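Asker: Quick one: the structure is below, questions incoming.
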2 protein chains.
Amino acid sequence: MRSLWSLLNPQIKVLDCTVRDGGLINDHYFSYEFVSAIYRACVDSCVDYLELGYKNSDKLFSPDANGAWKFCKEDDIRRIVGDNPTDLKLACMIDATKSDWKTAVVPKSRSALDMIRVAFYAHQVDEAIAMIEDSYEKGYEVSANLMAVTSISETEIDAVLDRLVKSPAAVYVIVDSFGSLTPQQTKYLTEKYMLRAKEAGKEVGAHFHNNMQLAFSNTLAAAELGATRLDASFGGLGRGAGNCPLELLLDVVNPNRYKLRHVFETLESEILPLQKEIEWGPYPQFIMTGQFNTHPRSAIAARKSLETRDRYAQFFDKLDGEASEVKSK
Amino acid sequence: MRSLWSLLNPQIKVLDCTVRDGGLINDHYFSYEFVSAIYRACVDSCVDYLELGYKNSDKLFSPDANGAWKFCKEDDIRRIVGDNPTDLKLACMIDATKSDWKTAVVPKSRSALDMIRVAFYAHQVDEAIAMIEDSYEKGYEVSANLMAVTSISETEIDAVLDRLVKSPAAVYVIVDSFGSLTPQQTKYLTEKYMLRAKEAGKEVGAHFHNNMQLAFSNTLAAAELGATRLDASFGGLGRGAGNCPLELLLDVVNPNRYKLRHVFETLESEILPLQKEIEWGPYPQFIMTGQFNTHPRSAIAARKSLETRDRYAQFFDKLDGEASEVKSK
């Protein structure tokens with residue numbers, strides 16, 4: 001039955017965000033071997049882009065308390081990819097207010113990177129536009145990732161898109177940081193993003209979290225309406241409930257172009273051992289923060305303590321109480 | 001954002017299949033306490049139907065090797081529900097060729113059950129129609145569950161629907177036994193089922209498996225196109241990859257009518273302990289049988305043996321080899 005899906009746009013590109021989003025769980029402490037294996041697996045399975053981490057400030061974040069992939073220094077990248085003599089494109093993320101982007105992002109001629117992804121909240125749009133322009137002028141393909149899209153109003157989304165269409169960002173990514181969107185809502189948002197992207201000759205991307213086990217189907221819903229830049233990760237590795245699993249997405253986007261066997265091989269050799277060290281996935285607390293449309297940090301905290309980890313009803317009461325408080329204000 | 005979903009049909013009824021589908025993992029050996037807790041949780045959370053198990057043949061299946069919920073004798077049901085003085089309706093499944101339905105299904109006046117669900121493969125449609133008529137004449141609401149819908153052609157589906165519209169079955173359930181459908185394919189099938197159901201004044205139901213983490217979103221996709229009888233289970237408990245999780249479905253169908261807290265409470269008290277004894281969920285082998293559109297039995301076997309359980313690439317090669325063989329025949 002998969003052949004029906006050949007109706008998806010053949011221009012779709014898939015970006016693996018395993019190391020970048022997964023790094024939010026373990027303060028970016030991935031071993032050289034792990035990152036090399038993910039790089040190799042992306043090349044072998046014909047994934048289009050690999051995002052290696054953040055280029056965030058080593059003044060704001062201590063290099064003693066964070067792994068290399070919080071900073072993505074050029075030397076660290078080169079140790080993994082050399083001159084990257086492959087078709088795989090490489091990306092890094094820079095966070096508004098958290099990156100010394102003016103200096104951290106070097107001219108493309110001196111970098112192994114192909115793309116810079118600018119992550120920002122709606123109220124940070126001024127800095128985001130400056131970041132986008134700076135990275136573009138330095139020679140990179142640039143993506144604009146407006147985070148936590150379910151936490152702001154449609155008017156605010158429209159205002160950000162108004163700014164983006166005048167910027168040199170090549171991709172506008174729908175980012176459901178809280179994992180709160182249903183496929184129906186995703187389609188509605190994708191139409192909105194597509195309308196603005198088309199008028200500017202740009203593309204729409206999709207980055208969904210798996211709180212309600214909808215990351216994969218939301219990604220498909222966005223793709224059906226024209227999104228051509230899709231994020232996923234090995235085993236869905238990513239903060240909280242995790243991301244859209246690469247092993248699910250590649251098969252539906254194009255089971256001929258992408259080589260699934262290498263993905264399952266990597267799940268076996270890299271992801272399964274990691275599951276014994278760190279936790280991610282649609283556990284009940286993450287379901288609930290998705291349903292209540294709030295940041296997953298309270299769920300992460302609840303699951304970290306042995307006292308609260310298995311107390312689902314108590315966590316429900318907490319979120320339900322907070323939601324009632326907001327309503328009665 | 002959940003309010004958008006109030007567009008779903010208010011006539012939707014949710015059926016909990018935890019004990020019935022979950023019983024396929026542990027040969028229906030659920031304790032009295034567990035089944036009572038699920039019954040109580042369904043009543044408290046305002047679920048509409050509870051399916052308790054199969055009424056299958058105790059001549060074909062030994063009562064020494066199977067728990068009570070393989071047979072659902074009236075006395076066993078009464079021990080849980082008494083006279084069921086609640087709004088919760090009760091259902092059992094009978095399997096074509098595996099049930100002595102002529103005697104096992106007693107007249108409704110002597111039963112605590114409200115509904116009989118007839119499960120059958122396309123080639124068993126003659127017996128299925130006889131089973132549907134028998135249960136209907138005995139006074140039950142009857143559901144027709146054509147299994148493994150992705151393993152047959154559209155012509156075969158149409159032929160079965162042609163027979164069903166002339167039967168007294170009140171509900172035609174789309175059953176994706178292999179967990180192979182994408183939401184796009186689900187919508188296509190739902191339209192087909194709805195067309196025939198409407199002309200007969202009947203309803204369409206949805207029973208999806210979670211191999212590709214799509215059970216929930218396929219259920220929503222079916223509901224969007226008019227399906228009003230939706231299956232789900234606590235924690236997604238069910239054979240192989242499991243079913244659509246009740247805790248996800250109820251919140252989107254109607255967060256006011258259904259009482260989510262009781263569901264999370266039950267996940268904590270009943271499902272979490274069970275996860276230490278039996279396994280279900282979208283593990284890599286189940287993803288692959290879904291992608292290759294085959295029965296999950298090979299995945300269940302691979303995960304049961306410690307030697308093969310973590311060998312994902314080897315399992316991929318096995319399915320890939322079998323698929324190539326079929327193609328070259």
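Starting from 1 in every chain, residues are counted up; chains themselves are A, B, ... following the order of the structure tokens, and ligands are numbered from 1 as listed.
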Enumerate as a VMD selection string the residues belonging to chain B that approach chain A to within 8 Å, with only C-alpha atoms taken into account.
Answerer: chain B and resid 1 to 2 4 150 180 to 181 183 185 212 to 214 216 to 217 248 251 261 to 262 264 to 265 267 to 268 284 287 291 293 310 to 313 316 to 317
Asker: Just the strand (DSSP E) stuff from region 66-192 of chain B, please, per backbone DSSP, written as a list in words.
Answerer: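 Of region 66-192 of chain B, only Lys89, Leu90, Ala91, Cys92, Met93, Ile94, Asp95, Met115, Ile116, Arg117, Val118, Ala119, Phe120, Glu141, Val142, Ser143, Ala144, Asn145, Leu146, Val171, Tyr172, Val173, Ile174, Val175 and Asp176 of chain B fall in strand (DSSP E).
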Asker: Would you pick out the contacts of Lys70 (chain B) at 12 Å or less, using only C-alpha atoms, so that residues sharing its chain but fewer than 4 positions from it are not included, and give the list as a ChimeraX atom specification?
Answerer: /B:19-30,51-66,76-77,92-95,98-99,104
Asker: Which polymer residues have any atom within 6 Å of an atom of region 7-14 of chain A, counting only C-alpha atoms, with same-chain residues fewer than 3 positions away left out, as a list of chain:residue names?
Answerer: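 So, after excluding close chain neighbours, the residues are A:Val47, A:Asp48, A:Thr228, A:Arg229, A:Leu230, A:Asp231.
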